[in-house]
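Colleague: There's a structure below that I have some questions on.
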Amino acid sequence: MDSEQRKHALALIQQALPDLDWTLQAAKVKRLSRDFHWFSPVLKQQLEDKQADAVVRPRDEEELMLLVKACVQHQLPLILRGGATGNYGQLVPLEGGILVDMTGLSQICELGDGVVRAQAGIRLAEIEAFTRPAGWELRCMPSTYRLASLGGLYGGGFGGIGSINYGPLGAPGNVLSVKVMTMEAEPRILHVPAPQALLLHHAYGSNGIILEVELALAPLHRWIERLDVFDDFTDALDYANAFARSPGLVKRQLALFAAPIPSYFSHLNGHYQANQHAVISVIAQESEGFCASLLEKYRGHSAVRQTADEAREANASLMEYCWNHTTLHALKIDSSLTYLQTAFNYTNYRQQIINMAALFGDEVISHIEFLRDNDGNITASGLQLVRYSTEERLNEIMVTFRDNDVKINNPHVYQIEDGKQGEIKPEVVSVKKCLDPNGLLNPGKLRGWEVRDTLTLDNNPLLLTDR
């Protein structure tokens, strides 16, 4: 469908549904058609001229269903938008269409004993504000939790704060079910339990419309946020590693930053020297007493310490310097930087981190996040900063990591299979065929859809129950 055909279809839909909350001004539509893909100079160039034709913010499921029916009738693409904090161009429309701002669907649906179910548009911080008085908190969330939506995390996120205990979001037991709407002439509302629900996870909203997510929660703790500094990178690494591998230390977050990354944390400058390396940790109050002896052993020093309550009151949590927030802070200081996403081998990640730091020097600066993998192993993932020169050199760097048995989840591509998924997965394509038979959801992002006729697809990939 070319731009004139889309324009005509949009006019008919708007005429039929005038009471929806429409945004049609070109400048605002373009702004809303953006996420943080500009972290990648490659994606920034590729997606620069891409945007939706209009934005709609449904106020409830009924309005969303009317919009879906109209889009199917007129074969107009539909793209879902949450908090727009993703980094891969997930919400950037490749073929125009209507961008659906899901933040109007933002209710807590149910809170039980260690379980919460909420609508996709709710901010993650709002979920925690609701569950905390009952003694529960999220098991894992990105550093962008104040802005990121639940549906956005499910559609394009990985893990984050809390993953040191519970692994990534997709680890068994974290997600219990999802509620979805199909992209059909007569949309169906379906309840999909785990593990089948994970076939819609990290699919950029390309194979189903997530309405609600049911999550398992973690017991609430009184957390202390710390930033500790070291003159030697190996000392900082060994401190973080010992911290990560101490099962009795109750913790929520653990990250390592090689110099000069801490110097990019402009709000914290003055607490340490620009050439020092840092470890940010979030540790339970009852476990913090063990930090002093660990710091002494690895020649570290305390630079910043605050309670989580103090951090919330000041809107200044150290958690917002971790994960890909680190990249944002760095880019504010040096716009020539970009980043990688690497997964080290759990059997020898310490040596791999040392080897890769030595191999690249100041060209690739270590930012390491400690977590558990899907099998429960303590391991490390990198969100290294890269001094960008050319796309060719960036690709060479990624090849070198792979050659050294470090997996790359390429953040400089927008198609699902070229990034974290790594391959065309027929089961993911089967879900799209089942829930979006016309291929109207976020077209162009799922490469497997373009070759679906060559794949062996399951006609019933989900355990579907009407709800």
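Residue names in the structure tokens use chain letters A, B, ... in the order shown, residue numbers from 1 in each chain, and ligand numbers from 1 in the order shown.
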What lies within 10 Å of Thr456 (chain A) using only C-alpha atoms, ignoring chain neighbours under 3 positions off, as a PyMOL selection string?

Modeller: chain A and resi 426-427+429-430+452-453+459

Colleague: Taking the backbone alone, and naming residues the way the document does, which bits of region 147-211 of chain A are strand (DSSP E) by DSSP, as an MDAnalysis selection string?

Modeller: chainID A and resid 175:181 189:193 209:211

Colleague: Identify, on the basis of only C-alpha atoms, every residue whose closest approach to Arg387 (chain A) does not exceed 7 Å; exclude the query and any residue fewer than 2 positions from it along the same chain; express the result as a list in words.

Modeller: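 The residues satisfying every condition are Ser336, Leu337, Thr338, Glu363, Val364, Leu385 and Ser389 of chain A.
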
Colleague: Which residue out of A:Gly82, A:Gly89, A:Gly96, A:Gly114 has the minimum interatomic distance to Leu153 (chain A) when only C-alpha atoms are used?

Modeller: A:Gly82

Colleague: Which neighbours of Leu220 (chain A) fall inside 7 Å, counting only C-alpha atoms, when residues of the same chain fewer than 4 positions from it are skipped, and could you give them as a list in words?

Modeller: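 Within the cut-off, the hits are Arg132, Gly135, Trp136 and Glu137 of chain A.
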
Colleague: Given only C-alpha atoms, how would the per-residue table for region 151-211 of chain A near region 41-65 of chain A read, listing every residue at most 10 Å away with its closest atom pair and distance in Å to one decimal, sorted by chain and number, as CSV?

Modeller:
```
residue,atom,partner,partner_atom,distance
A:Met181,CA,A:Met65,CA,8.0
A:Thr182,CA,A:Met65,CA,9.1
A:Met183,CA,A:Met65,CA,8.9
A:Glu184,CA,A:Met65,CA,9.5
A:Ala185,CA,A:Met65,CA,9.6
A:Glu186,CA,A:Met65,CA,8.6
A:Pro187,CA,A:Met65,CA,6.7
A:Arg188,CA,A:Met65,CA,9.1
A:Ile189,CA,A:Met65,CA,9.6
A:Ile209,CA,A:Leu64,CA,9.9
A:Leu211,CA,A:Glu61,CA,8.0
```

Colleague: With C-alpha atoms retained, write the just-selected residues as an mmCIF file, in the first residue's frame.

Modeller:
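Result file again-v8.cif:
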```
data_model
loop_
_atom_site.group_PDB
_atom_site.id
_atom_site.type_symbol
_atom_site.label_atom_id
_atom_site.label_comp_id
_atom_site.auth_asym_id
_atom_site.auth_seq_id
_atom_site.Cartn_x
_atom_site.Cartn_y
_atom_site.Cartn_z
ATOM 1 C CA MET A 181 -6.352 -9.389 20.977
ATOM 2 C CA THR A 182 -6.141 -10.790 17.479
ATOM 3 C CA MET A 183 -5.712 -8.602 14.418
ATOM 4 C CA GLU A 184 -8.761 -9.894 12.561
ATOM 5 C CA ALA A 185 -11.971 -8.577 11.029
ATOM 6 C CA GLU A 186 -13.722 -9.905 14.135
ATOM 7 C CA PRO A 187 -11.021 -9.657 16.817
ATOM 8 C CA ARG A 188 -10.834 -12.391 19.421
ATOM 9 C CA ILE A 189 -9.725 -11.910 23.021
ATOM 10 C CA ILE A 209 -1.677 -7.299 20.517
ATOM 11 C CA LEU A 211 -3.632 -6.408 26.408
#
```

Colleague: Which one is closest to Tyr339 (chain A): A:Leu227, A:Asp458, A:Ser40, A:Ala134? Count only C-alpha atoms.

Modeller: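 So, comparing all the options, the nearest one is A:Ser40.
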
Colleague: Taking only C-alpha atoms into account, name the residue in A:Ala244, A:His277, A:Lys445, A:Asn438 that is nearest to His74 (chain A).

Modeller: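 Smallest distance to His74 (chain A) is found for A:Asn438.
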
Colleague: To test your reading of the structure, identify every residue in region 205-360 of chain A that backbone DSSP assigns to alpha helix (DSSP H), and report it as a ChimeraX atom specification.

Modeller: /A:233-244,291-297,308-314,325-333,349-360

Colleague: Which of these, A:Phe257, A:Tyr264, A:Tyr239, A:Phe233, has the shortest distance to Ile354 (chain A) once you count only C-alpha atoms?

Modeller: A:Phe233

Colleague: Which is closest to Pro262 (chain A) among A:Met102, A:Ile161, A:Ile365, A:Ile122, if we use only C-alpha atoms?

Modeller: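 Of the candidates, the smallest distance to Pro262 (chain A) is held by A:Ile365.
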
Colleague: Quick one: residues within 12 Å of Val180 (chain A), only C-alpha atoms counted, chain neighbours fewer than 3 positions away excluded, as number ranges by chain?

Modeller: A: 61, 64-65, 119-120, 151, 177, 183, 187-193, 197, 200-201, 205, 207-214, 431-432, 434-436, 462, 464-467
